[in-house]
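Chemist: What follows is run_36.txt; its format and atoms are compact mmCIF, C-alpha atoms.
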# COMPACT_ATOMS: atom_id res chain seq x y z
CA MET A 12 26.68 -3.09 13.43
CA GLY A 13 28.35 0.00 14.92
CA THR A 14 29.34 1.47 11.60
CA LYS A 15 26.00 0.66 10.07
CA LEU A 16 24.13 2.54 12.77
CA SER A 17 25.55 5.90 11.80
CA GLN A 18 24.84 5.21 8.15
CA HIS A 19 21.23 4.43 8.97
CA ASN A 20 20.73 7.54 11.02
CA HIS A 21 21.82 9.64 8.09
CA ASP A 22 19.64 7.90 5.60
CA ASN A 23 16.56 6.15 6.99
CA ALA A 24 14.84 5.86 3.64
CA GLN A 25 17.62 3.61 2.39
CA ASP A 26 17.45 1.07 5.22
CA TYR A 27 16.61 -1.80 2.94
CA THR A 28 19.71 -1.40 0.81
CA ASP A 29 22.06 -0.77 3.72
CA VAL A 30 21.66 -4.25 5.12
CA PRO A 31 21.38 -6.60 2.16
CA SER A 32 22.84 -9.92 3.26
CA ASP A 33 22.29 -10.13 7.00
CA PRO A 34 18.47 -10.13 7.05
CA ALA A 35 18.42 -12.42 4.03
CA LEU A 36 20.43 -15.02 5.95
CA ARG A 37 18.37 -14.63 9.11
CA VAL A 38 15.09 -15.00 7.21
CA LYS A 39 16.43 -18.08 5.40
CA ALA A 40 17.57 -19.60 8.72
CA LEU A 41 14.19 -19.03 10.36
CA GLU A 42 12.39 -20.43 7.32
CA SER A 43 14.48 -23.63 7.51
CA LEU A 44 13.89 -23.94 11.23
CA LEU A 45 10.12 -23.51 10.95
CA ILE A 46 9.99 -26.06 8.13
CA GLU A 47 12.19 -28.51 10.06
CA LYS A 48 9.90 -28.20 13.06
CA GLY A 49 6.85 -28.81 10.92
CA LEU A 50 5.41 -25.38 11.63
CA VAL A 51 5.47 -24.22 8.01
CA ASP A 52 4.70 -26.18 4.86
CA PRO A 53 7.22 -25.12 2.17
CA VAL A 54 4.62 -25.50 -0.60
CA ALA A 55 2.18 -23.26 1.28
CA LEU A 56 4.96 -20.70 1.66
CA ASP A 57 5.61 -20.69 -2.08
CA VAL A 58 1.89 -20.23 -2.75
CA LEU A 59 1.88 -17.16 -0.49
CA VAL A 60 4.99 -15.68 -2.11
CA ASP A 61 3.48 -16.12 -5.56
CA THR A 62 0.22 -14.50 -4.47
CA PHE A 63 1.81 -11.42 -2.94
CA GLU A 64 4.18 -11.07 -5.86
CA ASN A 65 1.75 -11.57 -8.71
CA ARG A 66 -1.89 -11.45 -7.69
CA VAL A 67 -2.25 -8.53 -5.28
CA GLY A 68 -1.23 -5.05 -6.31
CA PRO A 69 -2.22 -1.62 -7.59
CA ARG A 70 -3.59 -3.00 -10.90
CA ASN A 71 -6.57 -4.13 -8.78
CA GLY A 72 -7.15 -0.59 -7.55
CA ALA A 73 -6.76 0.81 -11.07
CA GLN A 74 -9.61 -1.42 -12.30
CA VAL A 75 -11.85 -0.11 -9.54
CA VAL A 76 -11.01 3.52 -10.37
CA ALA A 77 -11.61 3.07 -14.12
CA ARG A 78 -14.99 1.45 -13.43
CA ALA A 79 -15.99 4.34 -11.15
CA TRP A 80 -15.07 6.83 -13.89
CA VAL A 81 -17.27 5.22 -16.53
CA ASP A 82 -20.13 3.94 -14.38
CA SER A 83 -21.76 6.52 -12.11
CA ALA A 84 -23.94 3.95 -10.33
CA TYR A 85 -20.82 1.94 -9.49
CA LYS A 86 -19.07 5.10 -8.30
CA GLN A 87 -21.94 5.82 -5.94
CA ARG A 88 -21.81 2.29 -4.51
CA LEU A 89 -18.04 2.67 -4.11
CA LEU A 90 -18.36 5.91 -2.16
CA ASP A 91 -21.24 4.55 -0.05
CA ASP A 92 -19.59 1.24 0.88
CA GLY A 93 -16.07 0.74 -0.43
CA THR A 94 -15.66 -2.79 0.89
CA SER A 95 -18.66 -4.30 -0.88
CA ALA A 96 -18.19 -2.32 -4.12
CA ILE A 97 -14.55 -3.46 -4.28
CA ALA A 98 -15.65 -7.02 -3.49
CA GLU A 99 -17.68 -6.92 -6.73
CA PHE A 100 -14.30 -7.34 -8.46
CA GLY A 101 -13.44 -10.23 -6.15
CA TYR A 102 -10.87 -8.14 -4.31
CA SER A 103 -10.79 -8.82 -0.60
CA GLY A 104 -8.34 -9.78 2.09
CA GLY A 105 -6.27 -8.52 4.98
CA GLN A 106 -6.74 -4.85 5.89
CA GLY A 107 -9.86 -4.83 3.75
CA GLU A 108 -12.59 -5.02 6.36
CA LYS A 109 -13.55 -1.35 6.23
CA LEU A 110 -12.41 0.20 2.98
CA THR A 111 -13.45 3.81 2.66
CA VAL A 112 -13.08 5.53 -0.69
CA VAL A 113 -12.40 9.28 -0.66
CA GLU A 114 -12.91 11.23 -3.86
CA ASN A 115 -10.56 13.86 -5.25
CA THR A 116 -12.36 16.74 -6.97
CA PRO A 117 -11.26 20.11 -8.36
CA SER A 118 -11.80 21.60 -4.87
CA VAL A 119 -10.78 18.75 -2.51
CA HIS A 120 -7.56 16.72 -2.54
CA ASN A 121 -7.17 13.65 -0.30
CA VAL A 122 -3.86 12.08 0.71
CA LEU A 123 -3.19 8.93 2.78
CA VAL A 124 -0.67 8.30 5.53
CA CYS A 125 -0.30 6.06 8.57
CA THR A 126 1.62 7.82 11.34
CA LEU A 127 1.72 4.81 13.65
CA CYS A 128 2.90 2.11 11.26
CA SER A 129 2.14 1.69 7.60
CA CYS A 130 -1.55 0.84 7.34
CA TYR A 131 -2.48 0.56 3.71
CA PRO A 132 -5.41 -0.80 1.64
CA TRP A 133 -3.78 -4.11 0.63
CA PRO A 134 -6.66 -5.62 -1.38
CA VAL A 135 -6.57 -2.74 -3.88
CA LEU A 136 -2.96 -1.54 -3.73
CA GLY A 137 -0.88 -4.51 -2.58
CA LEU A 138 2.04 -3.85 -0.26
CA PRO A 139 3.15 -0.25 0.26
CA PRO A 140 6.25 1.33 -1.33
CA THR A 141 9.26 2.13 0.85
CA TRP A 142 8.77 5.90 0.83
CA TYR A 143 5.22 5.46 2.25
CA LYS A 144 6.80 3.63 5.20
CA SER A 145 9.60 6.14 5.70
CA ALA A 146 9.71 7.97 9.02
CA ALA A 147 9.87 11.26 7.14
CA TYR A 148 6.67 10.68 5.13
CA ARG A 149 4.82 9.41 8.20
CA SER A 150 5.86 12.28 10.45
CA ARG A 151 5.63 15.18 7.99
CA THR A 152 2.47 14.45 5.99
CA VAL A 153 0.19 15.25 8.91
CA ILE A 154 1.83 18.57 9.84
CA ASP A 155 2.86 19.77 6.38
CA PRO A 156 0.82 18.01 3.70
CA ARG A 157 1.24 20.77 1.13
CA GLY A 158 5.00 20.78 1.61
CA VAL A 159 5.24 17.00 1.29
CA LEU A 160 3.03 16.92 -1.80
CA SER A 161 5.06 19.70 -3.36
CA GLU A 162 8.29 17.83 -2.65
CA LEU A 163 6.77 14.80 -4.38
CA GLY A 164 5.93 16.92 -7.40
CA LEU A 165 2.33 17.95 -6.74
CA ASP A 166 1.73 21.67 -6.14
CA LEU A 167 -1.82 22.43 -5.07
CA PRO A 168 -3.29 25.95 -5.04
CA ASN A 169 -4.43 27.20 -1.64
CA ASP A 170 -8.09 27.21 -2.68
CA VAL A 171 -7.97 23.40 -2.99
CA GLU A 172 -8.77 21.91 0.42
CA VAL A 173 -6.28 19.25 1.51
CA ARG A 174 -7.61 16.35 3.58
CA VAL A 175 -5.09 14.08 5.24
CA TRP A 176 -6.30 10.58 6.22
CA ASP A 177 -4.25 9.07 9.05
CA SER A 178 -5.41 5.49 8.60
CA ASN A 179 -4.26 3.82 11.76
CA ALA A 180 -7.37 2.25 13.26
CA THR A 181 -9.79 -0.21 11.71
CA SER A 182 -10.60 1.50 8.41
CA ARG A 183 -8.35 1.68 5.40
CA TYR A 184 -8.66 4.52 2.92
CA PHE A 185 -8.31 4.58 -0.81
CA VAL A 186 -8.26 7.69 -3.03
CA LEU A 187 -10.46 7.89 -6.10
CA PRO A 188 -8.38 10.26 -8.24
CA GLU A 189 -9.82 12.76 -10.72
CA ARG A 190 -10.39 11.51 -14.24
CA PRO A 191 -7.98 13.42 -16.50
CA LYS A 192 -9.21 15.75 -19.21
CA GLY A 193 -9.23 14.46 -22.76
CA THR A 194 -10.30 10.92 -21.81
CA GLU A 195 -14.03 11.26 -22.57
CA SER A 196 -13.87 8.61 -25.28
CA THR A 197 -11.21 6.39 -23.69
CA SER A 198 -12.32 2.84 -22.91
CA GLU A 199 -12.50 1.52 -19.35
CA ALA A 200 -9.57 -0.85 -20.01
CA ASP A 201 -7.39 1.96 -21.38
CA LEU A 202 -8.39 4.26 -18.50
CA ALA A 203 -7.17 1.64 -16.02
CA THR A 204 -3.71 1.76 -17.59
CA LEU A 205 -3.48 5.49 -16.77
CA VAL A 206 -4.08 5.01 -13.04
CA THR A 207 -0.88 4.65 -11.02
CA ARG A 208 -0.57 3.52 -7.43
CA ASP A 209 0.66 6.94 -6.33
CA THR A 210 -2.54 8.59 -7.61
CA MET A 211 -4.55 6.23 -5.37
CA ILE A 212 -2.41 7.21 -2.35
CA GLY A 213 -3.06 10.84 -3.28
CA VAL A 214 0.50 12.05 -3.89
CA ALA A 215 0.04 12.44 -7.65
CA LYS A 216 -2.65 13.22 -10.21
CA VAL A 217 -3.55 10.95 -13.09
CA ALA A 218 -1.76 12.32 -16.14
CA SER A 219 -3.72 13.08 -19.26
CA PRO A 220 -2.77 10.70 -22.11
CA SER A 221 -2.27 13.68 -24.44
CA LEU A 222 0.38 14.95 -22.03
CA GLY A 223 2.34 11.74 -22.27
CA GLY A 224 0.62 10.04 -19.35
CA VAL A 225 0.66 6.61 -20.97
CA SER A 226 3.80 4.79 -20.03
CA MET B 21 5.77 10.10 15.12
CA GLY B 22 3.11 12.27 13.45
CA GLY B 23 4.25 15.89 13.39
CA MET B 24 7.88 15.25 14.35
CA HIS B 25 10.68 16.95 12.45
CA GLY B 26 14.13 15.77 11.45
CA LEU B 27 13.38 12.15 10.54
CA GLY B 28 15.35 12.14 7.31
CA GLU B 29 14.30 12.04 3.69
CA ILE B 30 11.10 10.60 2.23
CA GLY B 31 13.11 8.97 -0.55
CA TYR B 32 10.21 9.16 -2.98
CA ARG B 33 10.52 7.19 -6.17
CA GLU B 34 7.67 7.12 -8.65
CA ASN B 35 6.02 3.71 -8.99
CA GLU B 36 8.52 2.08 -6.71
CA PRO B 37 7.90 -1.66 -6.17
CA GLY B 38 6.54 -2.92 -2.83
CA PHE B 39 9.41 -5.39 -2.40
CA HIS B 40 13.07 -4.75 -3.14
CA GLU B 41 14.78 -7.90 -2.00
CA PRO B 42 13.49 -11.48 -2.22
CA TRP B 43 13.96 -11.95 1.53
CA GLU B 44 11.42 -9.18 2.24
CA LEU B 45 8.71 -11.13 0.47
CA ARG B 46 9.80 -14.42 2.13
CA ALA B 47 9.73 -12.78 5.57
CA TYR B 48 6.28 -11.40 4.87
CA ALA B 49 5.03 -14.79 3.63
CA LEU B 50 6.46 -16.47 6.76
CA VAL B 51 4.43 -14.10 8.94
CA GLN B 52 1.30 -15.08 7.03
CA ALA B 53 2.15 -18.80 7.05
CA MET B 54 2.64 -18.79 10.81
CA GLY B 55 -0.77 -17.17 11.31
CA THR B 56 0.47 -15.40 14.40
CA GLY B 57 -2.28 -12.81 14.33
CA GLY B 58 -1.60 -9.15 15.04
CA LEU B 59 2.11 -8.37 15.26
CA ARG B 60 1.67 -4.63 15.71
CA SER B 61 2.03 -4.80 19.46
CA HIS B 62 5.29 -6.74 19.02
CA ILE B 63 6.51 -4.22 16.46
CA GLU B 64 5.80 -1.39 18.90
CA ARG B 65 7.87 -3.15 21.58
CA ILE B 66 11.00 -2.73 19.46
CA SER B 67 13.08 0.00 21.13
CA ALA B 68 12.79 3.41 19.45
CA ALA B 69 16.43 3.48 18.33
CA ASP B 70 16.26 0.01 16.76
CA TYR B 71 12.86 0.79 15.26
CA LEU B 72 14.19 3.76 13.32
CA ARG B 73 17.28 1.84 12.21
CA MET B 74 15.33 -1.14 10.87
CA GLY B 75 13.54 -1.33 7.55
CA TYR B 76 9.87 -2.25 7.37
CA TYR B 77 10.25 -5.97 6.71
CA GLU B 78 13.04 -6.25 9.27
CA ARG B 79 10.55 -4.99 11.86
CA TRP B 80 7.99 -7.57 10.77
CA PHE B 81 10.62 -10.28 10.94
CA THR B 82 11.84 -9.18 14.37
CA ALA B 83 8.25 -9.16 15.65
CA LEU B 84 7.63 -12.62 14.17
CA VAL B 85 10.66 -14.07 15.94
CA SER B 86 9.74 -12.57 19.32
CA ARG B 87 6.09 -13.58 18.96
CA THR B 88 6.96 -17.15 17.98
CA ILE B 89 9.38 -17.51 20.89
CA GLU B 90 6.81 -15.99 23.25
CA THR B 91 4.16 -18.50 22.23
CA GLY B 92 6.63 -21.28 22.99
CA VAL B 93 6.68 -23.06 19.62
CA ILE B 94 10.37 -22.25 19.08
CA THR B 95 13.13 -21.33 21.50
CA LEU B 96 15.78 -18.64 21.39
CA SER B 97 18.54 -21.25 21.22
CA GLU B 98 16.87 -22.83 18.19
CA VAL B 99 16.74 -19.44 16.47
CA GLU B 100 20.40 -18.85 17.28
CA SER B 101 21.56 -22.29 16.14
CA GLY B 102 19.15 -22.50 13.21
CA ARG B 103 18.44 -26.15 14.12
CA ALA B 104 15.44 -27.72 15.83
CA ASP B 105 16.03 -29.06 19.34
CA PRO B 106 16.21 -32.85 18.67
CA THR B 107 14.02 -33.53 21.71
CA SER B 108 11.22 -31.23 20.51
CA VAL B 109 8.02 -32.70 19.11
CA LYS B 110 7.40 -32.12 15.40
CA ALA B 111 4.45 -29.79 15.01
CA THR B 112 1.51 -29.98 12.64
CA THR B 113 1.60 -27.33 9.93
CA ALA B 114 -0.66 -24.40 10.68
CA LEU B 115 -1.32 -23.67 7.03
CA THR B 116 -1.81 -26.16 4.19
CA PRO B 117 -1.16 -25.23 0.55
CA ALA B 118 -4.93 -25.20 -0.05
CA ASP B 119 -5.41 -22.77 2.84
CA ALA B 120 -2.53 -20.67 1.52
CA ARG B 121 -4.33 -20.16 -1.79
CA GLU B 122 -7.33 -18.71 -0.01
CA LEU B 123 -5.77 -16.96 3.00
CA PRO B 124 -4.62 -13.70 1.36
CA PHE B 125 -8.18 -13.05 0.17
CA ARG B 126 -9.87 -13.74 3.49
CA THR B 127 -11.12 -10.49 5.01
CA PRO B 128 -10.78 -10.42 8.79
CA GLN B 129 -13.80 -9.56 10.90
CA ALA B 130 -12.67 -7.23 13.65
CA GLU B 131 -16.00 -5.43 13.97
CA GLN B 132 -17.91 -6.68 16.98
CA ASP B 133 -21.55 -7.64 16.66
CA ILE B 134 -22.47 -6.04 19.98
CA GLU B 135 -25.09 -3.38 20.74
CA LEU B 136 -23.48 -0.59 22.71
CA THR B 137 -24.89 2.87 23.27
CA PRO B 138 -22.52 5.34 21.62
CA GLN B 139 -21.27 8.11 23.88
CA PHE B 140 -20.85 10.47 20.90
CA HIS B 141 -22.87 11.30 17.78
CA VAL B 142 -22.17 12.78 14.37
CA GLY B 143 -21.57 16.53 14.75
CA ASP B 144 -20.47 16.33 18.43
CA ARG B 145 -17.37 18.24 19.43
CA VAL B 146 -14.88 16.01 21.19
CA ARG B 147 -11.46 16.41 22.72
CA GLY B 148 -8.59 13.92 22.69
CA ARG B 149 -7.93 12.78 26.25
CA ASN B 150 -4.57 13.72 27.69
CA ILE B 151 -3.40 10.15 28.24
CA HIS B 152 0.08 8.65 27.95
CA PRO B 153 -0.35 4.87 27.88
CA THR B 154 2.73 2.74 28.46
CA THR B 155 1.00 -0.08 26.56
CA TYR B 156 0.51 -0.41 22.86
CA THR B 157 -1.99 2.23 21.67
CA ARG B 158 -3.54 3.49 18.45
CA MET B 159 -3.93 7.06 19.70
CA PRO B 160 -1.33 9.30 18.06
CA ARG B 161 0.35 11.79 20.39
CA TYR B 162 -0.60 14.75 18.21
CA THR B 163 -4.34 14.28 18.92
CA ARG B 164 -4.00 14.64 22.71
CA SER B 165 -6.03 17.54 24.11
CA LYS B 166 -7.04 18.60 20.58
CA MET B 167 -10.63 19.35 19.65
CA GLY B 168 -12.34 17.76 16.67
CA VAL B 169 -15.79 16.93 15.34
CA VAL B 170 -17.37 13.48 14.96
CA GLU B 171 -17.88 12.81 11.24
CA ARG B 172 -19.03 9.18 11.34
CA ASP B 173 -19.67 6.29 13.72
CA ARG B 174 -17.56 3.33 12.52
CA GLY B 175 -19.21 0.66 14.66
CA VAL B 176 -17.94 -1.35 17.61
CA PHE B 177 -14.34 -2.65 17.84
CA ASN B 178 -12.16 -3.89 20.68
CA LEU B 179 -9.84 -1.30 22.19
CA PRO B 180 -6.34 -2.23 20.98
CA ASP B 181 -4.58 -0.82 24.06
CA SER B 182 -5.64 -3.72 26.26
CA GLU B 183 -4.68 -6.38 23.68
CA GLY B 184 -1.99 -8.61 25.07
CA VAL B 185 -2.23 -6.94 28.47
CA SER B 186 -5.64 -8.03 29.65
CA ALA B 187 -7.69 -11.07 28.72
CA ASP B 188 -10.87 -9.00 28.78
CA PRO B 189 -11.60 -7.26 25.48
CA LYS B 190 -12.93 -3.70 25.73
CA PRO B 191 -15.41 -3.34 22.87
CA GLN B 192 -16.48 0.24 22.15
CA HIS B 193 -17.51 2.59 19.35
CA VAL B 194 -14.88 3.93 16.97
CA TYR B 195 -15.51 7.35 15.44
CA LEU B 196 -14.12 9.14 12.42
CA ILE B 197 -12.96 12.53 13.74
CA ARG B 198 -12.12 15.63 11.70
CA TYR B 199 -9.54 18.05 13.05
CA THR B 200 -8.65 21.34 11.39
CA ALA B 201 -4.94 21.77 10.69
CA ASP B 202 -5.05 25.03 12.70
CA GLU B 203 -6.25 23.17 15.81
CA LEU B 204 -3.54 20.52 15.53
CA TRP B 205 -0.58 22.60 14.45
CA GLY B 206 -1.27 26.25 15.32
CA TYR B 207 0.46 28.90 13.26
CA GLU B 208 2.56 26.31 11.42
CA ALA B 209 -0.54 24.66 9.95
CA SER B 210 -0.84 24.07 6.21
CA THR B 211 -3.39 26.44 4.61
CA ASN B 212 -6.93 25.14 4.08
CA SER B 213 -6.18 21.66 5.41
CA SER B 214 -7.78 19.16 7.75
CA LEU B 215 -7.02 15.74 9.15
CA TYR B 216 -9.30 12.73 9.47
CA ILE B 217 -8.63 9.84 11.82
CA ASP B 218 -10.57 6.99 13.46
CA MET B 219 -10.50 7.10 17.26
CA TRP B 220 -11.73 4.66 19.90
CA GLU B 221 -14.23 6.06 22.43
CA ASP B 222 -11.72 5.74 25.31
CA TYR B 223 -9.42 8.21 23.52
CA LEU B 224 -12.08 10.93 23.57
CA GLU B 225 -14.03 13.13 25.99
CA PRO B 226 -16.82 15.64 25.36
CA ALA B 227 -15.57 19.12 24.45
Show me the file's structure as structure tokens.

Modeler:
Amino acid sequence: MGTKLSQHNHDNAQDYTDVPSDPALRVKALESLLIEKGLVDPVALDVLVDTFENRVGPRNGAQVVARAWVDSAYKQRLLDDGTSAIAEFGYSGGQGEKLTVVENTPSVHNVLVCTLCSCYPWPVLGLPPTWYKSAAYRSRTVIDPRGVLSELGLDLPNDVEVRVWDSNATSRYFVLPERPKGTESTSEADLATLVTRDTMIGVAKVASPSLGGVS
Amino acid sequence: MGGMHGLGEIGYRENEPGFHEPWELRAYALVQAMGTGGLRSHIERISAADYLRMGYYERWFTALVSRTIETGVITLSEVESGRADPTSVKATTALTPADARELPFRTPQAEQDIELTPQFHVGDRVRGRNIHPTTYTRMPRYTRSKMGVVERDRGVFNLPDSEGVSADPKPQHVYLIRYTADELWGYEASTNSSLYIDMWEDYLEPA
């Protein structure tokens, strides 16, 4: 491990690729032990893996955003009580008890971080990306949000107020991004395809389809 | 670590997946299958040097192992050998496949249905108490002694600091507090910025 330590210190964001085989073996060994002891049912484990891999993720959040863009009554319910408005889609689960939706507008930009761990609105976004969990993102976003956003490709003029949400207690936050220009006649289903996870964390804006935003 | 410098690169990649290696997902599913409850306090017990070296799912896995050993259902020698002690009693599975289908969509209820008189109200100016708990805590260092304004009352929740230390829960109001960037960071503050965070009543005093 001695040689690996120095590598890690130079490059924290790459932790997951620096240690490929060792954790894999340890996880496998623990899994076998827990199954052997009757503590874990292997079928139940496969059900969980399938769910986290295929059924929970940012497509859920994108549906919520698209609905809010086309339905102003829904948007109001979403801003008033995120948890119950999101539950209208059947999305619920861990870290979803107090979901608070914060709206980006031409004058206010919201961005999410968790400085203490990696709190994240799982029911709408799934599990967080590695960069969101990096020590650098967690430490710098609170003190230098404009610098971090700029580094991630989003330059905001100084007259746009930046609000940082350090979601480390009981509530989880979720950004309702701005609807891009030129989408007035776009259907709700097509709008949902424009919404990326990063726009719901608040580190990017939803690209206009005319600017090549559809991927 | 909020506000610290020199912690490496963010390593941003657009639309990066949540899992990179199959073992990360398996480790995460094992945590759920074991139903250990909150592992945050175990994650925060990992020494600072190891914490920064480990990846996210390695921390979860490390916390799962220490929690499971602590509760007595497995032993350290079993973890090291990878085999069950032949004299141990076979346990009953905590989670059935039917439960597993429903579990990820079950929303936990941490809010306490208790009437407590709030010490603070929307619009009040409050100051972060200058406390340095040795226990687990959800009060970030950068809020200590800083002044903010109560934006919202979140309801009543148990104070996390006493979790695992005392058997007596400490239910209290949690408030959404707004701090200006100038108050938190002085002359290095980002222009026209503010920070919002939920704080337990014990973290705050009137300003």

Chemist: Residues of chain A near chain B: apply a cut-off of 6 Å, count only C-alpha atoms, and supply the list as JSON, numbers by chain.

Modeler: {"A": [19, 24, 26, 27, 35, 40, 44, 48, 49, 50, 51, 54, 55, 59, 60, 103, 104, 105, 107, 108, 126, 138, 139, 140, 142, 145, 146, 147, 148, 150, 151, 154, 155, 172, 173, 174, 175, 176, 177, 180]}

Chemist: What is the CA of Glu225 in chain B to CA of Ser182 in chain B distance in Å?

Modeler: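 Computing it gives 18.8 Å between the two atoms.
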
Chemist: Take CA of Ala79 in chain A and CA of Asp91 in chain A and report the distance between them in Å, one decimal.

Modeler: 12.3 Å

Chemist: Could you tell me how far CA of Val112 in chain A lies from CA of Glu135 in chain B, in Å and to one decimal?

Modeler: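 Rounded to one decimal, the two atoms are 26.1 Å apart.
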
Chemist: Between B:Pro226, B:Pro153, B:Gly143, B:Gly92, which one has atoms that come closest to Ile197 in chain B, using all atoms listed in the file?

Modeler: B:Gly143

Chemist: Would you kindly identify which residues have an atom no farther than 12 Å from (-21.0, 5.1, -7.5), using only C-alpha atoms and the file's own coordinates, and write them out as JSON, numbers by chain?

Modeler: {"A": [75, 76, 77, 78, 79, 80, 81, 82, 83, 84, 85, 86, 87, 88, 89, 90, 91, 92, 93, 95, 96, 97, 112, 113, 114, 187]}
